[in-house]
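K.L.:
Sharing final.cif, mmCIF, N, CA and C atoms and all ligand atoms:
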```
data_entry
loop_
_atom_site.label_atom_id
_atom_site.label_comp_id
_atom_site.auth_asym_id
_atom_site.auth_seq_id
_atom_site.Cartn_x
_atom_site.Cartn_y
_atom_site.Cartn_z
N MET T 130 103.57 127.26 50.06
CA MET T 130 102.84 126.00 49.94
C MET T 130 101.41 126.19 50.42
N LYS T 131 100.52 125.42 49.84
CA LYS T 131 99.11 125.60 50.17
C LYS T 131 98.62 124.60 51.21
N SER T 132 99.34 123.46 51.32
CA SER T 132 98.93 122.45 52.29
C SER T 132 100.12 121.56 52.61
N PHE T 133 99.97 120.79 53.68
CA PHE T 133 100.95 119.76 53.99
C PHE T 133 100.20 118.53 54.46
N SER T 134 100.91 117.38 54.47
CA SER T 134 100.25 116.16 54.89
C SER T 134 101.18 115.36 55.78
N GLY T 135 100.59 114.36 56.45
CA GLY T 135 101.40 113.56 57.35
C GLY T 135 100.70 112.27 57.70
N SER T 136 101.36 111.47 58.51
CA SER T 136 100.80 110.18 58.89
C SER T 136 101.47 109.69 60.17
N CYS T 137 100.90 108.61 60.72
CA CYS T 137 101.56 107.91 61.82
C CYS T 137 102.62 106.99 61.23
N LEU T 138 103.33 106.29 62.07
CA LEU T 138 104.41 105.42 61.60
C LEU T 138 103.91 104.32 60.68
N CYS T 139 102.78 103.68 61.02
CA CYS T 139 102.28 102.56 60.20
C CYS T 139 101.38 103.03 59.06
N LYS T 140 101.16 104.32 58.98
CA LYS T 140 100.42 104.97 57.88
C LYS T 140 98.93 104.64 57.84
N GLN T 141 98.39 104.10 58.92
CA GLN T 141 96.93 103.87 58.93
C GLN T 141 96.19 105.17 59.23
N ILE T 142 96.86 106.10 59.89
CA ILE T 142 96.27 107.44 60.09
C ILE T 142 96.97 108.39 59.13
N LYS T 143 96.17 109.06 58.31
CA LYS T 143 96.72 110.05 57.38
C LYS T 143 95.92 111.33 57.52
N PHE T 144 96.62 112.46 57.41
CA PHE T 144 95.93 113.74 57.53
C PHE T 144 96.52 114.73 56.54
N ARG T 145 95.77 115.80 56.38
CA ARG T 145 96.18 116.85 55.47
C ARG T 145 95.74 118.16 56.09
N CYS T 146 96.49 119.22 55.83
CA CYS T 146 96.15 120.50 56.43
C CYS T 146 96.44 121.63 55.46
N GLU T 147 95.48 122.52 55.33
CA GLU T 147 95.68 123.70 54.50
C GLU T 147 96.45 124.74 55.32
N THR T 148 97.29 125.51 54.67
CA THR T 148 97.99 126.60 55.34
C THR T 148 97.15 127.87 55.19
N PRO T 149 97.40 128.91 55.96
CA PRO T 149 98.54 129.06 56.87
C PRO T 149 98.36 128.35 58.21
N SER T 150 99.47 127.88 58.76
CA SER T 150 99.48 127.38 60.12
C SER T 150 99.48 128.57 61.08
N LEU T 151 99.10 128.30 62.32
CA LEU T 151 99.00 129.39 63.30
C LEU T 151 100.31 129.63 64.04
N TRP T 152 100.99 128.56 64.40
CA TRP T 152 102.25 128.68 65.16
C TRP T 152 102.97 127.34 65.13
N CYS T 153 104.27 127.38 65.48
CA CYS T 153 105.06 126.16 65.62
C CYS T 153 106.00 126.36 66.80
N ALA T 154 105.99 125.42 67.75
CA ALA T 154 106.77 125.62 68.98
C ALA T 154 107.21 124.29 69.59
N HIS T 155 108.31 124.34 70.32
CA HIS T 155 108.79 123.18 71.08
C HIS T 155 108.13 123.20 72.45
N CYS T 156 107.54 122.09 72.88
CA CYS T 156 106.96 122.03 74.21
C CYS T 156 107.81 121.13 75.11
N HIS T 157 108.18 121.68 76.25
CA HIS T 157 109.03 120.96 77.21
C HIS T 157 108.23 120.49 78.43
N CYS T 158 106.91 120.50 78.37
CA CYS T 158 106.12 120.13 79.55
C CYS T 158 106.26 118.63 79.84
N SER T 159 106.03 118.27 81.09
CA SER T 159 106.24 116.88 81.51
C SER T 159 105.23 115.94 80.85
N LEU T 160 104.03 116.42 80.54
CA LEU T 160 103.02 115.56 79.90
C LEU T 160 103.45 115.19 78.49
N CYS T 161 103.91 116.16 77.71
CA CYS T 161 104.39 115.87 76.36
C CYS T 161 105.59 114.93 76.41
N ARG T 162 106.51 115.20 77.32
CA ARG T 162 107.71 114.37 77.40
C ARG T 162 107.33 112.92 77.66
N ARG T 163 106.41 112.71 78.60
CA ARG T 163 106.03 111.35 78.96
C ARG T 163 105.22 110.68 77.85
N ALA T 164 104.28 111.42 77.28
CA ALA T 164 103.41 110.84 76.24
C ALA T 164 104.20 110.42 75.01
N HIS T 165 105.28 111.16 74.70
CA HIS T 165 106.01 110.90 73.47
C HIS T 165 107.33 110.17 73.70
N GLY T 166 107.71 110.01 74.97
CA GLY T 166 109.00 109.39 75.26
C GLY T 166 110.15 110.18 74.67
N ALA T 167 110.08 111.50 74.84
CA ALA T 167 111.06 112.38 74.20
C ALA T 167 111.43 113.52 75.13
N ALA T 168 112.57 114.16 74.85
CA ALA T 168 113.03 115.26 75.69
C ALA T 168 112.12 116.48 75.55
N PHE T 169 111.56 116.64 74.38
CA PHE T 169 110.58 117.71 74.14
C PHE T 169 109.83 117.36 72.86
N VAL T 170 108.74 118.04 72.60
CA VAL T 170 107.92 117.73 71.43
C VAL T 170 107.66 119.01 70.65
N THR T 171 107.84 118.96 69.35
CA THR T 171 107.58 120.12 68.51
C THR T 171 106.17 120.00 67.93
N TRP T 172 105.38 121.04 68.15
CA TRP T 172 103.97 121.05 67.75
C TRP T 172 103.70 122.13 66.71
N VAL T 173 102.73 121.88 65.88
CA VAL T 173 102.23 122.88 64.94
C VAL T 173 100.76 123.11 65.27
N GLY T 174 100.39 124.34 65.49
CA GLY T 174 99.00 124.68 65.76
C GLY T 174 98.32 125.13 64.48
N VAL T 175 97.16 124.52 64.20
CA VAL T 175 96.42 124.90 62.99
C VAL T 175 94.96 125.14 63.32
N ASP T 176 94.32 125.87 62.46
CA ASP T 176 92.88 126.09 62.57
C ASP T 176 92.18 124.76 62.27
N GLU T 177 91.29 124.36 63.18
CA GLU T 177 90.60 123.07 63.03
C GLU T 177 89.92 122.95 61.67
N GLY T 178 89.43 124.07 61.16
CA GLY T 178 88.74 124.07 59.87
C GLY T 178 89.66 123.77 58.70
N ASN T 179 90.98 123.93 58.89
CA ASN T 179 91.95 123.64 57.82
C ASN T 179 92.46 122.22 57.87
N PHE T 180 92.02 121.48 58.90
CA PHE T 180 92.58 120.16 59.16
C PHE T 180 91.62 119.06 58.71
N THR T 181 92.11 118.06 57.97
CA THR T 181 91.27 116.95 57.50
C THR T 181 91.95 115.62 57.79
N LEU T 182 91.19 114.72 58.41
CA LEU T 182 91.67 113.35 58.58
C LEU T 182 91.30 112.56 57.32
N LEU T 183 92.28 111.97 56.65
CA LEU T 183 92.03 111.23 55.42
C LEU T 183 91.80 109.75 55.72
N SER T 184 92.34 109.31 56.84
CA SER T 184 92.24 107.91 57.22
C SER T 184 92.45 107.86 58.73
N GLU T 185 91.49 107.26 59.43
CA GLU T 185 91.51 107.42 60.89
C GLU T 185 91.00 106.21 61.67
N ASP T 186 90.93 105.05 61.02
CA ASP T 186 90.37 103.87 61.70
C ASP T 186 91.06 103.55 63.01
N THR T 187 92.36 103.77 63.07
CA THR T 187 93.11 103.37 64.26
C THR T 187 93.35 104.54 65.21
N LEU T 188 92.77 105.71 64.92
CA LEU T 188 92.97 106.87 65.78
C LEU T 188 92.16 106.73 67.07
N ARG T 189 92.82 106.88 68.20
CA ARG T 189 92.16 106.84 69.51
C ARG T 189 92.52 108.11 70.26
N TRP T 190 91.56 108.61 71.06
CA TRP T 190 91.78 109.81 71.87
C TRP T 190 91.70 109.44 73.34
N TYR T 191 92.48 110.06 74.17
CA TYR T 191 92.33 109.88 75.61
C TYR T 191 92.53 111.22 76.30
N LYS T 192 91.93 111.36 77.44
CA LYS T 192 92.04 112.59 78.23
C LYS T 192 93.38 112.60 78.95
N SER T 193 94.24 113.57 78.64
CA SER T 193 95.54 113.63 79.30
C SER T 193 95.56 114.65 80.43
N SER T 194 94.56 115.49 80.48
CA SER T 194 94.36 116.42 81.59
C SER T 194 92.88 116.81 81.54
N PRO T 195 92.36 117.46 82.59
CA PRO T 195 90.90 117.68 82.64
C PRO T 195 90.31 118.32 81.38
N ASP T 196 91.03 119.22 80.71
CA ASP T 196 90.43 119.89 79.56
C ASP T 196 91.11 119.55 78.23
N SER T 197 91.94 118.49 78.23
CA SER T 197 92.72 118.21 77.02
C SER T 197 92.69 116.74 76.64
N GLU T 198 92.84 116.49 75.33
CA GLU T 198 92.88 115.12 74.82
C GLU T 198 94.07 114.97 73.89
N ARG T 199 94.62 113.75 73.86
CA ARG T 199 95.70 113.42 72.94
C ARG T 199 95.27 112.28 72.03
N GLY T 200 95.64 112.39 70.76
CA GLY T 200 95.26 111.39 69.77
C GLY T 200 96.48 110.57 69.36
N PHE T 201 96.31 109.24 69.29
CA PHE T 201 97.42 108.36 68.94
C PHE T 201 96.91 107.21 68.08
N CYS T 202 97.85 106.49 67.47
CA CYS T 202 97.48 105.34 66.63
C CYS T 202 97.46 104.07 67.47
N ALA T 203 96.33 103.36 67.44
CA ALA T 203 96.18 102.14 68.24
C ALA T 203 97.06 101.00 67.74
N THR T 204 97.52 101.07 66.50
CA THR T 204 98.39 100.02 65.97
C THR T 204 99.86 100.29 66.26
N CYS T 205 100.36 101.45 65.85
CA CYS T 205 101.81 101.70 65.94
C CYS T 205 102.18 102.55 67.15
N GLY T 206 101.20 103.15 67.81
CA GLY T 206 101.49 103.92 69.01
C GLY T 206 101.96 105.35 68.76
N SER T 207 102.06 105.76 67.51
CA SER T 207 102.49 107.14 67.24
C SER T 207 101.56 108.13 67.93
N THR T 208 102.15 109.12 68.55
CA THR T 208 101.37 110.18 69.19
C THR T 208 101.31 111.34 68.21
N LEU T 209 100.11 111.73 67.84
CA LEU T 209 99.95 112.62 66.69
C LEU T 209 99.32 113.97 66.99
N PHE T 210 98.28 113.96 67.83
CA PHE T 210 97.44 115.16 67.94
C PHE T 210 97.15 115.54 69.39
N PHE T 211 96.83 116.80 69.56
CA PHE T 211 96.42 117.33 70.86
C PHE T 211 95.33 118.36 70.61
N ARG T 212 94.28 118.32 71.44
CA ARG T 212 93.27 119.37 71.36
C ARG T 212 92.81 119.67 72.78
N SER T 213 92.41 120.93 73.01
CA SER T 213 92.12 121.34 74.37
C SER T 213 91.10 122.47 74.38
N ALA T 214 90.27 122.47 75.43
CA ALA T 214 89.32 123.57 75.61
C ALA T 214 90.07 124.89 75.80
N ARG T 215 91.34 124.80 76.17
CA ARG T 215 92.15 126.01 76.33
C ARG T 215 92.40 126.71 75.01
N TRP T 216 92.44 125.93 73.92
CA TRP T 216 92.64 126.50 72.58
C TRP T 216 91.53 125.99 71.68
N PRO T 217 90.30 126.47 71.88
CA PRO T 217 89.19 125.94 71.10
C PRO T 217 89.41 126.23 69.61
N GLU T 218 88.92 125.30 68.80
CA GLU T 218 89.02 125.43 67.34
C GLU T 218 90.45 125.35 66.81
N GLN T 219 91.37 124.82 67.63
CA GLN T 219 92.71 124.54 67.12
C GLN T 219 92.98 123.05 67.19
N MET T 220 93.73 122.55 66.21
CA MET T 220 94.29 121.20 66.30
C MET T 220 95.79 121.37 66.40
N HIS T 221 96.39 120.66 67.33
CA HIS T 221 97.84 120.69 67.47
C HIS T 221 98.39 119.38 66.91
N ILE T 222 99.31 119.49 65.99
CA ILE T 222 99.85 118.34 65.26
C ILE T 222 101.33 118.20 65.58
N VAL T 223 101.77 116.96 65.81
CA VAL T 223 103.19 116.72 66.06
C VAL T 223 103.98 116.98 64.78
N ARG T 224 104.94 117.87 64.86
CA ARG T 224 105.72 118.27 63.68
C ARG T 224 106.41 117.08 63.02
N ALA T 225 106.91 116.15 63.84
CA ALA T 225 107.68 115.01 63.31
C ALA T 225 106.83 114.07 62.46
N ASN T 226 105.52 114.14 62.58
CA ASN T 226 104.66 113.26 61.79
C ASN T 226 104.12 113.93 60.54
N ILE T 227 104.61 115.12 60.27
CA ILE T 227 104.28 115.80 59.00
C ILE T 227 105.38 115.44 58.01
N ASN T 228 104.97 115.03 56.80
CA ASN T 228 105.92 114.46 55.84
C ASN T 228 106.77 115.48 55.10
N THR T 229 106.35 116.71 55.11
CA THR T 229 106.97 117.68 54.22
C THR T 229 107.37 118.93 54.99
N GLU T 230 107.91 119.89 54.26
CA GLU T 230 108.13 121.20 54.86
C GLU T 230 106.78 121.83 55.16
N ILE T 231 106.79 122.75 56.11
CA ILE T 231 105.56 123.49 56.37
C ILE T 231 105.86 124.98 56.25
N ASP T 232 104.86 125.78 56.47
CA ASP T 232 105.00 127.22 56.25
C ASP T 232 105.62 127.96 57.43
N LEU T 233 105.93 127.26 58.52
CA LEU T 233 106.49 127.92 59.70
C LEU T 233 107.65 127.13 60.27
N GLU T 234 108.62 127.83 60.84
CA GLU T 234 109.68 127.20 61.61
C GLU T 234 109.32 127.34 63.09
N PRO T 235 109.84 126.45 63.96
CA PRO T 235 109.57 126.62 65.39
C PRO T 235 110.07 127.98 65.86
N SER T 236 109.24 128.68 66.63
CA SER T 236 109.60 130.04 67.02
C SER T 236 109.55 130.26 68.53
N ALA T 237 109.27 129.20 69.31
CA ALA T 237 109.19 129.41 70.76
C ALA T 237 109.47 128.11 71.50
N HIS T 238 109.90 128.25 72.73
CA HIS T 238 110.05 127.12 73.65
C HIS T 238 109.03 127.28 74.76
N VAL T 239 108.04 126.39 74.79
CA VAL T 239 106.98 126.47 75.77
C VAL T 239 107.36 125.58 76.96
N TYR T 240 107.02 126.03 78.17
CA TYR T 240 107.39 125.31 79.40
C TYR T 240 108.90 125.07 79.50
N TRP T 241 109.68 126.05 79.03
CA TRP T 241 111.14 125.93 79.08
C TRP T 241 111.62 125.75 80.52
N ASP T 242 110.86 126.30 81.48
CA ASP T 242 111.29 126.21 82.89
C ASP T 242 111.29 124.77 83.40
N THR T 243 110.66 123.84 82.66
CA THR T 243 110.67 122.44 83.10
C THR T 243 111.47 121.55 82.13
N HIS T 244 112.34 122.15 81.33
CA HIS T 244 113.07 121.34 80.34
C HIS T 244 114.05 120.38 81.04
N VAL T 245 114.36 119.28 80.35
CA VAL T 245 115.26 118.27 80.92
C VAL T 245 116.69 118.81 80.95
N ASP T 246 117.49 118.26 81.86
CA ASP T 246 118.89 118.73 81.93
C ASP T 246 119.84 117.72 81.27
N TRP T 247 119.26 116.72 80.54
CA TRP T 247 120.13 115.72 79.91
C TRP T 247 120.20 115.90 78.39
N VAL T 248 119.82 117.07 77.92
CA VAL T 248 120.05 117.42 76.52
C VAL T 248 120.79 118.74 76.49
N ASP T 249 121.83 118.81 75.66
CA ASP T 249 122.52 120.09 75.47
C ASP T 249 121.81 120.87 74.39
N PHE T 250 121.18 121.95 74.76
CA PHE T 250 120.51 122.78 73.77
C PHE T 250 121.54 123.79 73.27
N VAL T 251 121.91 123.67 71.98
CA VAL T 251 122.98 124.51 71.45
C VAL T 251 122.55 125.96 71.31
N ASP T 252 121.26 126.15 71.08
CA ASP T 252 120.76 127.52 70.96
C ASP T 252 119.95 127.84 72.19
N PRO T 253 120.49 128.54 73.15
CA PRO T 253 119.63 128.88 74.27
C PRO T 253 118.42 129.65 73.75
N PRO T 254 117.24 129.15 74.03
CA PRO T 254 116.05 129.76 73.43
C PRO T 254 115.85 131.20 73.89
N THR T 255 115.47 132.01 72.97
CA THR T 255 115.26 133.42 73.29
C THR T 255 113.81 133.68 73.66
N LEU T 256 112.90 132.98 72.99
CA LEU T 256 111.50 133.23 73.26
C LEU T 256 110.95 132.08 74.09
N GLN T 257 110.66 132.35 75.33
CA GLN T 257 110.14 131.32 76.23
C GLN T 257 108.75 131.69 76.70
N ILE T 258 107.86 130.70 76.64
CA ILE T 258 106.48 130.93 77.03
C ILE T 258 106.09 129.91 78.08
N LYS T 259 105.41 130.33 79.12
CA LYS T 259 105.01 129.38 80.17
C LYS T 259 103.61 128.87 79.92
ZN ZN L 1 99.88 103.91 63.04
ZN ZN L 2 103.51 119.95 76.26
#
```
So, in terms of structure tokens, how does the structure I just supplied come out?
P.N.:
Amino acid sequence: MKSFSGSCLCKQIKFRCETPSLWCAHCHCSLCRRAHGAAFVTWVGVDEGNFTLLSEDTLRWYKSSPDSERGFCATCGSTLFFRSARWPEQMHIVRANINTEIDLEPSAHVYWDTHVDWVDFVDPPTLQIK
């Protein structure tokens, strides 16, 4: 596939991204868990130059840590994007808000050492990154 697209729940934010994607991983950090209200969050990392916002009136950004920002929809509350000085020129996109298949499957568990103990993970992750 040459590109994929996605949106927030209310569809006021729409985006499109050219492939190849850089990586896809599950993040178990406490910030992601809290921001998304989820046990973990699956992210896709893409080159910022491949990423296009098609509709963004309701997109808001806030600082979630000193060098990082998270993007969400002001209407429906969907949490969609992450960008950080730690990974310059990358956009991180929430996998669940992409409408289609993408060119990568999740291949790592990030911050596995802080994962919740109230989910049974059937596949003990082999590749763990801190
Ligand atoms: Zn929305
Ligand atoms: Zn995280």
K.L.:
Could you give me, as a PyMOL selection string, every polymer residue with an atom at most 6 Å away from an atom of ligand ZN 1 (chain L), counting only N, CA and C atoms and all ligand atoms?
P.N.:
chain T and resi 137-142+202-207
K.L.:
Considering all atoms listed in the file, return as a list in words whatever protein or nucleic-acid residues lie within 5 Å of Gly135 (chain T), sequence-local ones (same chain, fewer than 2 positions apart) excluded.
P.N.:
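So the residues in contact are Phe133, Cys137, Lys143, Phe144, Asn226, Ile227 and Asn228 of chain T.
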K.L.:
Based on the selection just made, write N, CA and C atoms of those residues as a PDB file, in the coordinates of the input.
P.N.:
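Result file is out_11.pdb:
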```
ATOM      1  N   PHE T 133      99.970 120.790  53.680  1.00  0.00           N
ATOM      2  CA  PHE T 133     100.950 119.760  53.990  1.00  0.00           C
ATOM      3  C   PHE T 133     100.200 118.530  54.460  1.00  0.00           C
ATOM      4  N   CYS T 137     100.900 108.610  60.720  1.00  0.00           N
ATOM      5  CA  CYS T 137     101.560 107.910  61.820  1.00  0.00           C
ATOM      6  C   CYS T 137     102.620 106.990  61.230  1.00  0.00           C
ATOM      7  N   LYS T 143      96.170 109.060  58.310  1.00  0.00           N
ATOM      8  CA  LYS T 143      96.720 110.050  57.380  1.00  0.00           C
ATOM      9  C   LYS T 143      95.920 111.330  57.520  1.00  0.00           C
ATOM     10  N   PHE T 144      96.620 112.460  57.410  1.00  0.00           N
ATOM     11  CA  PHE T 144      95.930 113.740  57.530  1.00  0.00           C
ATOM     12  C   PHE T 144      96.520 114.730  56.540  1.00  0.00           C
ATOM     13  N   ASN T 226     105.520 114.140  62.580  1.00  0.00           N
ATOM     14  CA  ASN T 226     104.660 113.260  61.790  1.00  0.00           C
ATOM     15  C   ASN T 226     104.120 113.930  60.540  1.00  0.00           C
ATOM     16  N   ILE T 227     104.610 115.120  60.270  1.00  0.00           N
ATOM     17  CA  ILE T 227     104.280 115.800  59.000  1.00  0.00           C
ATOM     18  C   ILE T 227     105.380 115.440  58.010  1.00  0.00           C
ATOM     19  N   ASN T 228     104.970 115.030  56.800  1.00  0.00           N
ATOM     20  CA  ASN T 228     105.920 114.460  55.840  1.00  0.00           C
ATOM     21  C   ASN T 228     106.770 115.480  55.100  1.00  0.00           C
TER      22      ASN T 228
END
```
K.L.:
Of the candidates T:Asp232, T:Asp242, T:Asp249, T:Asp196, which one gets nearest to Ser159 (chain T) if we count only C-alpha atoms?
P.N.:
T:Asp242
K.L.:
Using only N, CA and C atoms and all ligand atoms, what are the residues with an atom within 6.5 Å of ligand ZN 2 (chain L), set out as a list in words?
P.N.:
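Selection of residues at most 6.5 Å from ligand ZN 2 (chain L): Cys156, His157, Cys158, Ser159, Leu160, Cys161 and Arg162 of chain T.
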K.L.:
Would you mind writing down, as a list in words, each residue of chain T that DSSP on the backbone assigns to alpha helix (DSSP H)?
P.N.:
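Of chain T, only Ser159, Leu160, Cys161, Arg162, Arg163, Ala164 and His165 of chain T fall in alpha helix (DSSP H).
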K.L.:
Under the rule that only N, CA and C atoms are counted, which of T:Ser150, T:Arg145, T:His238, T:Phe211 is the nearest residue to Val175 (chain T)?
P.N.:
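Distance minimum relative to Val175 (chain T) lands on T:Ser150.
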K.L.:
Set the distance at 5 Å and use all atoms listed in the file: which residues neighbour Thr148 (chain T) once local chain neighbours fewer than 2 positions away are removed? I'd like the list as a ChimeraX atom specification.
P.N.:
/T:131-132,146,150
K.L.:
Nearest to Glu218 (chain T): which of T:Trp152, T:Phe180, T:Ala164, T:Thr171 is it, counting only C-alpha atoms?
P.N.:
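With only C-alpha atoms as the atom set, the closest residue is T:Phe180.
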K.L.:
Between atom N of Pro235 (chain T) and CA of Arg212 (chain T), what distance in Å does the model show, to one decimal?
P.N.:
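Distance between the two atoms: 19.5 Å.
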K.L.:
What does the structure give for the distance between atom N of Phe210 (chain T) and CA of His155 (chain T), in Å to one decimal?
P.N.:
14.4 Å
K.L.:
In Å, how far is it from atom C of Pro149 (chain T) to atom N of Thr208 (chain T)?
P.N.:
22.2 Å
K.L.:
With distances taken over all atoms listed in the file, which residue among T:Ile231, T:Val170, T:Cys153, T:Val239 lies nearest Met130 (chain T)?
P.N.:
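Nearest to Met130 (chain T): T:Ile231.
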K.L.:
Kindly indicate which residue among T:Glu198, T:Glu230, T:Asp246, T:Asp186 lies nearest to Ser213 (chain T), using only N, CA and C atoms for the distances.
P.N.:
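Ranking T:Glu198, T:Glu230, T:Asp246, T:Asp186 by distance to Ser213 (chain T), first place goes to T:Glu198.
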K.L.:
Write down as a PyMOL selection string the residues belonging to chain T that are assigned strand (DSSP E) by DSSP computed on the backbone.
P.N.:
chain T and resi 132-136+143-147+152-156+170-176+180-184+188-194+197-202+208-213+219-223+238-239+257-258
